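What follows is the content of structure-v3.cif, which has mmCIF, C-alpha atoms and all ligand atoms:
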data_run
#
loop_
_atom_site.label_atom_id
_atom_site.label_comp_id
_atom_site.auth_asym_id
_atom_site.auth_seq_id
_atom_site.Cartn_x
_atom_site.Cartn_y
_atom_site.Cartn_z
CA MET A 1128 -23.02 19.03 -1.93
CA TRP A 1129 -21.61 15.51 -2.14
CA GLN A 1130 -19.13 13.83 0.15
CA SER A 1131 -17.44 10.45 -0.11
CA TYR A 1132 -17.13 7.91 2.67
CA ILE A 1133 -15.89 4.37 3.04
CA SER A 1134 -18.94 2.15 2.78
CA GLY A 1135 -17.09 -1.18 2.66
CA VAL A 1136 -13.69 -2.70 3.26
CA GLY A 1137 -12.20 -6.09 2.45
CA ALA A 1138 -8.83 -7.78 2.23
CA TYR A 1139 -7.20 -11.00 1.20
CA VAL A 1140 -3.79 -12.62 1.62
CA PRO A 1141 -2.73 -15.91 0.02
CA GLU A 1142 -2.81 -18.97 2.24
CA ARG A 1143 0.91 -19.79 2.06
CA SER A 1144 2.64 -18.06 4.95
CA LEU A 1145 6.43 -17.99 5.32
CA THR A 1146 8.14 -17.15 8.57
CA ASN A 1147 11.58 -15.56 8.70
CA PHE A 1148 12.90 -18.99 9.65
CA ASP A 1149 11.53 -20.39 6.38
CA LEU A 1150 13.77 -17.94 4.48
CA GLU A 1151 16.95 -18.38 6.52
CA GLU A 1152 18.55 -21.03 4.34
CA SER A 1153 17.56 -19.96 0.83
CA LEU A 1154 18.30 -16.25 1.41
CA ASP A 1155 21.22 -16.53 3.84
CA THR A 1156 19.37 -14.42 6.37
CA SER A 1157 18.18 -14.81 9.95
CA ASP A 1158 15.00 -14.30 11.91
CA GLU A 1159 17.00 -12.15 14.31
CA TRP A 1160 18.23 -9.77 11.56
CA ILE A 1161 14.80 -9.40 9.97
CA GLN A 1162 12.93 -8.85 13.24
CA GLN A 1163 15.49 -6.43 14.67
CA ARG A 1164 15.77 -4.30 11.54
CA THR A 1165 12.15 -4.38 10.34
CA GLY A 1166 9.72 -5.94 12.82
CA ILE A 1167 8.62 -8.51 10.22
CA VAL A 1168 7.85 -12.02 11.54
CA LYS A 1169 6.17 -13.56 8.49
CA ARG A 1170 4.68 -12.75 5.10
CA HIS A 1171 2.31 -14.42 2.62
CA TRP A 1172 3.46 -15.45 -0.86
CA VAL A 1173 1.22 -16.80 -3.60
CA GLU A 1174 1.56 -20.26 -5.12
CA GLY A 1175 1.13 -21.37 -8.71
CA GLY A 1176 -0.65 -19.24 -11.28
CA VAL A 1177 -2.22 -16.74 -8.88
CA ALA A 1178 -2.07 -13.18 -10.24
CA THR A 1179 -2.47 -9.77 -8.61
CA SER A 1180 -6.04 -9.36 -9.88
CA ASP A 1181 -6.98 -12.72 -8.28
CA LEU A 1182 -6.06 -11.35 -4.84
CA ALA A 1183 -7.85 -8.09 -5.70
CA LEU A 1184 -11.00 -9.99 -6.67
CA LYS A 1185 -11.23 -11.70 -3.26
CA ALA A 1186 -10.63 -8.43 -1.41
CA SER A 1187 -13.22 -6.66 -3.61
CA GLU A 1188 -15.86 -9.33 -2.95
CA GLU A 1189 -15.38 -8.90 0.79
CA ALA A 1190 -15.59 -5.11 0.44
CA LEU A 1191 -18.83 -5.39 -1.54
CA SER A 1192 -20.39 -7.64 1.04
CA SER A 1193 -19.26 -5.39 3.89
CA ALA A 1194 -20.85 -2.41 2.08
CA GLY A 1195 -24.06 -4.37 1.45
CA LEU A 1196 -23.76 -3.49 -2.25
CA LYS A 1197 -24.16 -5.58 -5.40
CA LYS A 1198 -21.24 -5.57 -7.81
CA GLU A 1199 -23.50 -3.78 -10.35
CA ASP A 1200 -23.57 -0.79 -7.98
CA ILE A 1201 -19.88 -0.13 -8.69
CA ASP A 1202 -19.42 2.46 -11.42
CA CYS A 1203 -15.63 2.85 -11.47
CA ILE A 1204 -12.53 0.82 -10.52
CA ILE A 1205 -9.24 2.32 -9.38
CA PHE A 1206 -6.48 -0.25 -9.04
CA ALA A 1207 -3.20 0.67 -7.35
CA THR A 1208 -0.33 -1.77 -7.91
CA LEU A 1209 3.36 -1.93 -8.78
CA SER A 1210 3.17 -5.67 -9.54
CA PRO A 1211 0.52 -5.93 -12.27
CA ASP A 1212 -0.73 -9.19 -13.84
CA HIS A 1213 0.96 -8.13 -17.10
CA ASP A 1214 2.83 -5.12 -18.46
CA PHE A 1215 -0.35 -3.95 -20.17
CA PRO A 1216 -3.29 -3.63 -20.03
CA GLY A 1217 -3.63 -2.55 -16.43
CA SER A 1218 -4.78 -4.97 -13.75
CA GLY A 1219 -7.96 -2.88 -13.35
CA CYS A 1220 -9.15 -4.34 -16.67
CA PHE A 1221 -8.43 -7.90 -15.53
CA LEU A 1222 -10.25 -7.29 -12.26
CA GLN A 1223 -13.19 -5.72 -14.07
CA ALA A 1224 -13.56 -8.82 -16.27
CA LYS A 1225 -13.28 -11.15 -13.27
CA LEU A 1226 -15.99 -9.17 -11.50
CA GLY A 1227 -18.13 -9.29 -14.67
CA LEU A 1228 -18.54 -5.52 -14.82
CA GLU A 1229 -18.11 -4.87 -18.54
CA GLY A 1230 -18.23 -1.26 -19.58
CA ILE A 1231 -17.32 0.60 -16.39
CA PRO A 1232 -14.01 2.52 -16.41
CA ALA A 1233 -10.94 0.90 -14.86
CA PHE A 1234 -7.89 2.95 -13.91
CA ASP A 1235 -4.47 1.62 -12.93
CA ILE A 1236 -2.30 3.93 -10.87
CA ARG A 1237 1.42 3.63 -10.24
CA GLN A 1238 2.32 5.31 -6.98
CA GLN A 1239 3.73 2.26 -5.20
CA CYS A 1240 3.43 2.45 -1.39
CA THR A 1241 1.50 5.74 -1.68
CA GLY A 1242 -0.88 4.23 -4.26
CA TYR A 1243 -3.82 3.86 -1.90
CA LEU A 1244 -3.71 7.51 -0.81
CA TYR A 1245 -3.37 8.74 -4.40
CA GLY A 1246 -6.32 6.50 -5.33
CA LEU A 1247 -8.34 7.82 -2.41
CA SER A 1248 -7.88 11.37 -3.68
CA MET A 1249 -9.13 10.33 -7.15
CA ALA A 1250 -12.13 8.41 -5.83
CA ASP A 1251 -13.06 11.27 -3.51
CA SER A 1252 -12.80 13.82 -6.33
CA PHE A 1253 -14.92 11.74 -8.71
CA ILE A 1254 -17.59 11.35 -6.06
CA LYS A 1255 -17.59 14.97 -4.86
CA SER A 1256 -17.91 16.22 -8.42
CA GLY A 1257 -20.90 13.94 -9.02
CA VAL A 1258 -19.23 11.78 -11.69
CA TYR A 1259 -19.52 8.42 -9.88
CA LYS A 1260 -21.53 7.07 -6.95
CA ASN A 1261 -19.59 4.00 -5.83
CA VAL A 1262 -15.90 3.65 -6.62
CA LEU A 1263 -14.03 0.41 -5.94
CA LEU A 1264 -10.52 1.37 -4.83
CA VAL A 1265 -8.15 -1.59 -4.63
CA GLY A 1266 -4.51 -1.94 -3.69
CA ALA A 1267 -3.06 -5.35 -4.55
CA GLU A 1268 0.40 -6.81 -4.98
CA VAL A 1269 2.11 -10.06 -5.87
CA HIS A 1270 5.66 -9.15 -4.94
CA SER A 1271 6.95 -12.68 -4.50
CA LYS A 1272 7.19 -13.35 -8.24
CA GLY A 1273 9.28 -10.20 -8.76
CA LEU A 1274 11.89 -10.68 -6.05
CA ASP A 1275 15.44 -11.97 -6.31
CA ARG A 1276 14.96 -14.87 -3.92
CA THR A 1277 18.65 -15.70 -3.69
CA PRO A 1278 21.19 -14.50 -1.08
CA GLU A 1279 22.11 -11.68 -3.49
CA GLY A 1280 18.60 -10.26 -3.23
CA ARG A 1281 18.09 -10.80 0.50
CA ASN A 1282 18.18 -7.11 1.43
CA VAL A 1283 14.91 -6.63 -0.49
CA ALA A 1284 13.38 -10.11 -0.70
CA VAL A 1285 12.77 -10.50 3.04
CA LEU A 1286 10.77 -7.29 3.18
CA PHE A 1287 7.88 -7.80 0.79
CA GLY A 1288 4.66 -9.78 1.00
CA ASP A 1289 1.68 -10.47 -1.26
CA GLY A 1290 -1.84 -9.30 -0.47
CA ALA A 1291 -4.78 -7.11 -1.38
CA GLY A 1292 -7.01 -4.57 0.31
CA ALA A 1293 -10.16 -3.05 -1.16
CA THR A 1294 -12.45 -0.24 -0.13
CA ILE A 1295 -15.64 1.11 -1.62
CA LEU A 1296 -16.00 4.87 -1.62
CA SER A 1297 -19.64 5.88 -1.78
CA ARG A 1298 -21.53 9.12 -2.25
CA LYS A 1299 -23.60 10.88 0.39
CA GLU A 1300 -25.00 14.33 1.02
CA ALA A 1301 -22.55 16.43 3.02
CA GLY A 1302 -23.59 16.17 6.67
CA ALA A 1303 -22.27 16.75 10.18
CA ASP A 1304 -18.51 16.64 10.81
CA THR A 1305 -19.03 13.60 13.02
CA GLU A 1306 -20.44 11.51 10.14
CA SER A 1307 -18.26 9.18 8.06
CA HIS A 1308 -16.46 11.06 5.28
CA ILE A 1309 -13.09 11.64 3.67
CA ILE A 1310 -11.83 14.90 5.15
CA ALA A 1311 -8.49 15.63 3.50
CA TYR A 1312 -5.41 14.32 1.75
CA ASP A 1313 -1.98 15.69 1.04
CA LEU A 1314 0.04 14.17 -1.81
CA HIS A 1315 3.62 14.64 -2.99
CA ALA A 1316 6.28 13.25 -5.32
CA ASP A 1317 9.96 13.93 -5.96
CA GLY A 1318 11.26 12.14 -9.04
CA GLN A 1319 14.84 13.20 -8.33
CA HIS A 1320 14.95 10.13 -6.09
CA ALA A 1321 13.27 7.75 -8.54
CA LYS A 1322 16.28 5.47 -8.77
CA GLU A 1323 16.74 5.01 -5.01
CA LEU A 1324 13.96 2.41 -5.10
CA TRP A 1325 13.03 1.07 -8.50
CA VAL A 1326 12.92 -1.73 -11.05
CA ALA A 1327 14.80 -0.70 -14.19
CA ALA A 1328 13.61 -3.34 -16.66
CA PRO A 1329 11.65 -3.89 -18.72
CA GLY A 1330 11.57 -0.24 -19.73
CA THR A 1331 12.16 2.20 -22.57
CA GLY A 1332 14.72 4.04 -20.43
CA ASN A 1333 17.27 1.24 -20.77
CA GLY A 1334 18.90 2.18 -24.07
CA PRO A 1335 18.28 2.36 -27.78
CA ASP A 1336 16.97 -1.08 -28.55
CA HIS A 1337 14.78 -3.32 -26.40
CA ARG A 1338 12.77 -2.85 -23.24
CA LEU A 1339 14.15 -6.18 -22.00
CA SER A 1340 17.21 -8.13 -23.18
CA PRO A 1341 19.17 -11.16 -22.00
CA ALA A 1342 21.89 -8.72 -20.84
CA MET A 1343 19.41 -6.89 -18.63
CA LEU A 1344 18.26 -10.18 -17.14
CA GLU A 1345 21.89 -11.15 -16.58
CA GLU A 1346 22.41 -7.87 -14.71
CA LYS A 1347 19.24 -8.58 -12.70
CA LEU A 1348 17.71 -5.27 -13.77
CA HIS A 1349 14.25 -6.83 -13.56
CA TYR A 1350 14.58 -7.09 -9.77
CA PRO A 1351 13.96 -4.20 -7.37
CA PHE A 1352 16.93 -2.13 -6.31
CA MET A 1353 16.69 -0.19 -3.04
CA ASN A 1354 19.02 2.18 -1.26
CA GLY A 1355 17.54 1.20 2.10
CA ARG A 1356 19.17 3.87 4.26
CA GLN A 1357 18.20 6.76 1.97
CA VAL A 1358 14.64 5.50 1.71
CA PHE A 1359 14.41 5.04 5.48
CA MET A 1360 15.59 8.59 6.19
CA HIS A 1361 13.24 10.22 3.70
CA ALA A 1362 10.30 8.04 4.77
CA VAL A 1363 10.49 9.15 8.41
CA LYS A 1364 10.86 12.83 7.51
CA ARG A 1365 8.18 12.97 4.82
CA MET A 1366 5.50 10.90 6.56
CA ALA A 1367 5.77 12.99 9.73
CA GLU A 1368 5.87 16.26 7.76
CA SER A 1369 2.84 15.48 5.59
CA LEU A 1370 0.70 14.10 8.41
CA THR A 1371 1.57 17.03 10.69
CA ASN A 1372 0.50 19.46 7.94
CA THR A 1373 -2.75 17.61 7.29
CA LEU A 1374 -3.71 17.62 10.96
CA LYS A 1375 -2.80 21.28 11.32
CA LYS A 1376 -4.69 22.40 8.21
CA ASN A 1377 -7.80 20.68 9.52
CA ASN A 1378 -7.48 21.97 13.09
CA VAL A 1379 -7.00 18.49 14.45
CA THR A 1380 -4.51 17.42 17.13
CA VAL A 1381 -2.92 14.03 17.66
CA ASP A 1382 -5.19 13.64 20.70
CA ASP A 1383 -8.29 14.09 18.52
CA VAL A 1384 -7.28 11.24 16.21
CA ASP A 1385 -8.56 7.82 17.29
CA LEU A 1386 -6.38 5.63 15.09
CA PHE A 1387 -3.39 5.96 12.76
CA LEU A 1388 -3.02 3.70 9.72
CA PHE A 1389 0.52 4.01 8.42
CA HIS A 1390 2.20 2.37 5.50
CA GLN A 1391 4.08 -0.70 6.71
CA ALA A 1392 7.64 -0.73 5.36
CA ASN A 1393 9.51 -0.97 8.63
CA LEU A 1394 8.32 -0.93 12.23
CA ARG A 1395 11.22 1.37 13.09
CA ILE A 1396 10.01 3.95 10.55
CA ASN A 1397 6.55 3.99 12.13
CA ASP A 1398 7.96 4.12 15.67
CA LYS A 1399 10.09 7.11 14.70
CA VAL A 1400 7.18 8.94 13.02
CA GLY A 1401 5.08 8.27 16.13
CA GLU A 1402 7.86 9.52 18.40
CA MET A 1403 8.37 12.73 16.36
CA MET A 1404 4.65 13.50 16.41
CA GLY A 1405 3.97 12.42 20.01
CA ILE A 1406 1.56 9.67 19.01
CA PRO A 1407 0.94 7.05 21.72
CA ALA A 1408 2.04 3.64 20.38
CA GLU A 1409 -1.38 2.08 20.99
CA LYS A 1410 -2.95 4.50 18.49
CA VAL A 1411 -0.87 3.13 15.59
CA PHE A 1412 -2.25 -0.04 14.04
CA ASN A 1413 0.74 -2.00 12.71
CA THR A 1414 0.44 -5.14 10.59
CA ILE A 1415 3.97 -5.51 9.23
CA GLN A 1416 4.66 -8.38 11.66
CA ASP A 1417 2.20 -10.59 9.78
CA TYR A 1418 2.38 -9.36 6.19
CA GLY A 1419 5.70 -7.62 5.54
CA ASN A 1420 5.50 -4.69 3.17
CA THR A 1421 2.51 -5.07 0.82
CA THR A 1422 2.95 -1.59 -0.75
CA ALA A 1423 -0.36 -0.36 -2.25
CA ALA A 1424 -2.37 -3.02 -0.39
CA THR A 1425 -1.07 -2.02 3.04
CA ILE A 1426 -3.45 0.72 4.18
CA PRO A 1427 -6.75 -0.97 3.15
CA LEU A 1428 -5.46 -4.31 4.45
CA GLY A 1429 -4.69 -2.66 7.78
CA MET A 1430 -8.10 -0.98 7.76
CA ARG A 1431 -9.86 -4.33 7.36
CA ASP A 1432 -7.78 -5.92 10.10
CA ALA A 1433 -8.36 -2.98 12.44
CA VAL A 1434 -12.11 -3.35 11.96
CA LYS A 1435 -11.87 -7.10 12.60
CA ALA A 1436 -9.77 -6.49 15.72
CA GLY A 1437 -12.37 -4.05 17.05
CA LYS A 1438 -9.90 -1.17 16.91
CA LEU A 1439 -11.69 0.76 14.16
CA GLU A 1440 -15.35 1.67 14.36
CA LYS A 1441 -17.66 3.90 12.39
CA GLY A 1442 -17.27 7.57 13.27
CA MET A 1443 -13.66 7.31 14.42
CA LEU A 1444 -11.17 9.91 13.25
CA VAL A 1445 -8.37 8.21 11.30
CA GLY A 1446 -5.00 9.62 10.22
CA MET A 1447 -3.09 7.90 7.39
CA ALA A 1448 0.42 8.34 6.00
CA ALA A 1449 2.59 6.58 3.43
CA PHE A 1450 5.93 6.85 1.67
CA GLY A 1451 7.40 4.89 -1.20
CA SER A 1452 9.17 4.59 -4.50
CA GLY A 1453 9.04 7.66 -6.71
CA PHE A 1454 9.64 9.08 -4.19
CA THR A 1455 5.95 9.52 -3.50
CA TRP A 1456 4.42 10.27 -0.14
CA GLY A 1457 1.35 11.70 1.49
CA SER A 1458 -1.23 11.59 4.23
CA GLY A 1459 -4.96 11.53 4.69
CA LEU A 1460 -7.62 12.21 7.27
CA MET A 1461 -11.10 10.69 7.45
CA ARG A 1462 -14.03 9.88 9.67
CA TYR A 1463 -14.24 6.15 9.11
O1 LIG A 1501 7.91 0.64 1.09
C1 LIG A 1501 8.90 1.30 0.39
C2 LIG A 1501 9.77 1.99 1.28
N1 LIG A 1501 10.79 1.12 1.80
C3 LIG A 1501 11.33 1.42 2.95
O2 LIG A 1501 10.87 2.33 3.59
C4 LIG A 1501 12.53 0.64 3.44
C5 LIG A 1501 13.45 1.57 4.15
N2 LIG A 1501 14.69 0.96 4.59
C6 LIG A 1501 14.76 0.03 5.57
O3 LIG A 1501 13.75 -0.35 6.11
C7 LIG A 1501 16.12 -0.46 6.00
O4 LIG A 1501 17.12 0.31 5.38
C8 LIG A 1501 16.36 -1.96 5.69
C9 LIG A 1501 15.51 -2.81 6.60
C10 LIG A 1501 16.01 -2.26 4.25
C11 LIG A 1501 17.82 -2.33 5.91
O5 LIG A 1501 18.22 -2.03 7.22
P1 LIG A 1501 19.61 -1.29 7.48
O6 LIG A 1501 19.74 -1.20 8.93
O7 LIG A 1501 19.59 0.00 6.72
O8 LIG A 1501 20.66 -2.33 6.90
P2 LIG A 1501 21.73 -2.16 5.73
O9 LIG A 1501 21.04 -2.22 4.41
O10 LIG A 1501 22.59 -0.99 5.99
O11 LIG A 1501 22.57 -3.49 5.89
C12 LIG A 1501 23.29 -3.75 7.09
C13 LIG A 1501 23.94 -5.13 7.00
C14 LIG A 1501 24.79 -5.33 5.77
O12 LIG A 1501 25.91 -6.08 6.17
P3 LIG A 1501 27.33 -5.35 6.47
O13 LIG A 1501 27.70 -4.68 5.21
O14 LIG A 1501 27.06 -4.41 7.61
O15 LIG A 1501 28.21 -6.52 6.84
C15 LIG A 1501 23.94 -6.18 4.87
O16 LIG A 1501 24.69 -6.99 4.01
O17 LIG A 1501 22.92 -6.15 6.96
C16 LIG A 1501 23.19 -7.03 5.85
N3 LIG A 1501 21.90 -7.50 5.33
C17 LIG A 1501 21.32 -8.64 5.76
N4 LIG A 1501 21.70 -9.57 6.65
C18 LIG A 1501 20.84 -10.61 6.87
C19 LIG A 1501 21.10 -6.90 4.42
N5 LIG A 1501 19.98 -7.63 4.25
C20 LIG A 1501 20.09 -8.71 5.06
C21 LIG A 1501 19.25 -9.82 5.32
N6 LIG A 1501 19.68 -10.72 6.24
N7 LIG A 1501 18.05 -9.97 4.74
#

Take the structure in this file and express it as structure tokens.
Amino acid sequence: MWQSYISGVGAYVPERSLTNFDLEESLDTSDEWIQQRTGIVKRHWVEGGVATSDLALKASEEALSSAGLKKEDIDCIIFATLSPDHDFPGSGCFLQAKLGLEGIPAFDIRQQCTGYLYGLSMADSFIKSGVYKNVLLVGAEVHSKGLDRTPEGRNVAVLFGDGAGATILSRKEAGADTESHIIAYDLHADGQHAKELWVAAPGTGNGPDHRLSPAMLEEKLHYPFMNGRQVFMHAVKRMAESLTNTLKKNNVTVDDVDLFLFHQANLRINDKVGEMMGIPAEKVFNTIQDYGNTTAATIPLGMRDAVKAGKLEKGMLVGMAAFGSGFTWGSGLMRY
């Protein structure tokens, strides 16, 4: 019987870092508002012609080196992003070419902030069923180029950052419970709420004629719209619900878990989830202060930083949870 485990992790954020103060004038916002409402202190935004797959490439190279694998050992790419290099083909294909791995399959998945957990379930299933040995699972985003960076867009623009996180899921014979392996995941979606957090254009759902028109640009339909309060409420409820179920189903208590890696949309969301579940604050590894919300990149980026900070070591029991546009949400449990 096969199991999958995380054999390598890497991450990358662009060099340019912007504090809340750097945004105060152009977005008519304040450091005080952003910190109080979200916990964000700064974020990284790309410069020039840098694309999502460029960030993914750097994160993937670090993951390969941390796994001690050659790129030729990778036999499948899963790329989670909501901010692809181009409309089509998927960024997985661009990353594959940049890695020089012609021929291997490259999937793009579209589950926004829950993208990493959805991708984890795919990678784990491919490995358990014997299809692939080493799957490169990347979450990467260049949000900055898709934001309305004017005062009109400030409610969304201050929240998002660019970055990438990559993990390699590798195959091993099923062993003791205490060995590194992916234990479980729990995934959900509810499309009734799709328009509470979305980008309408370009898209075939916009009317009879074109996917994108000057009128749509005029209406700013190519920028994200978010009903912040609705999203906040659902995020707290669903993350706590899914993670509680995952722990219960696997006979694990909060005390048994060594570290929690949550999606990073708002520090207040994570504090509330922690409070509802009785998780001590020091067991939640938050990174939103430094990166803002990096959607699909968030969990692997946090994983890499937790390893670097000495907070995550091999054999630790890790609980994960995420919520995002779709709505999509879920949780996961693994021995790192
Ligand atoms: O990863 C995907 C999932 N995303 C999330 O989970 C995000 C969930 N939602 C949230 O985190 C919060 O709803 C926000 C942080 C987005 C907003 O916080 P809020 O406490 O819900 O604020 P609000 O949207 O209700 O706005 C309150 C006030 C408004 O002013 P008035 O009408 O009270 O005078 C806004 O105009 O804050 C104003 N405002 C701002 N002020 C300064 C909104 N954005 C800003 C800003 N700077 N950037």

### Task
For ligand LIG 1501 (chain A), collect every residue having any atom at a distance of at most 7 Å from a ligand atom (counting only C-alpha atoms and all ligand atoms); output as a PyMOL selection string.
chain A and resi 1155-1157+1160-1161+1164-1165+1240+1281-1283+1285+1355-1356+1358-1359+1362+1391-1393+1420+1422+1450-1452

### Message
What's the separation between atom CA of Leu1209 of chain A and atom CA of Phe1389 of chain A, in Å to one decimal place?
### Response
18.4 Å

### Task
Compile the contact shell of Ser1210 of chain A as a list in words: residues with an atom at most 10 Å away, counting only C-alpha atoms, same-chain residues fewer than 4 positions apart removed.
Ala1178, Thr1179, Ser1180, Asp1214, Ser1218, Arg1237, Gln1239, Ala1267, Glu1268, Val1269, His1270, Ser1271, Lys1272, Gly1273, Asp1289, Thr1422 and Ala1423 of chain A

#### Entry: From A:Ile1415, A:Leu1191, A:Ile1133, A:Ala1207, residue lying nearest Lys1169 of chain A [only C-alpha atoms]
A:Ile1415

### Task
Mind giving me the straight-line distance from atom CA of Met1360 of chain A to atom CA of Asp1317 of chain A in Å, one decimal?
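Interatomic distance here is 14.4 Å.
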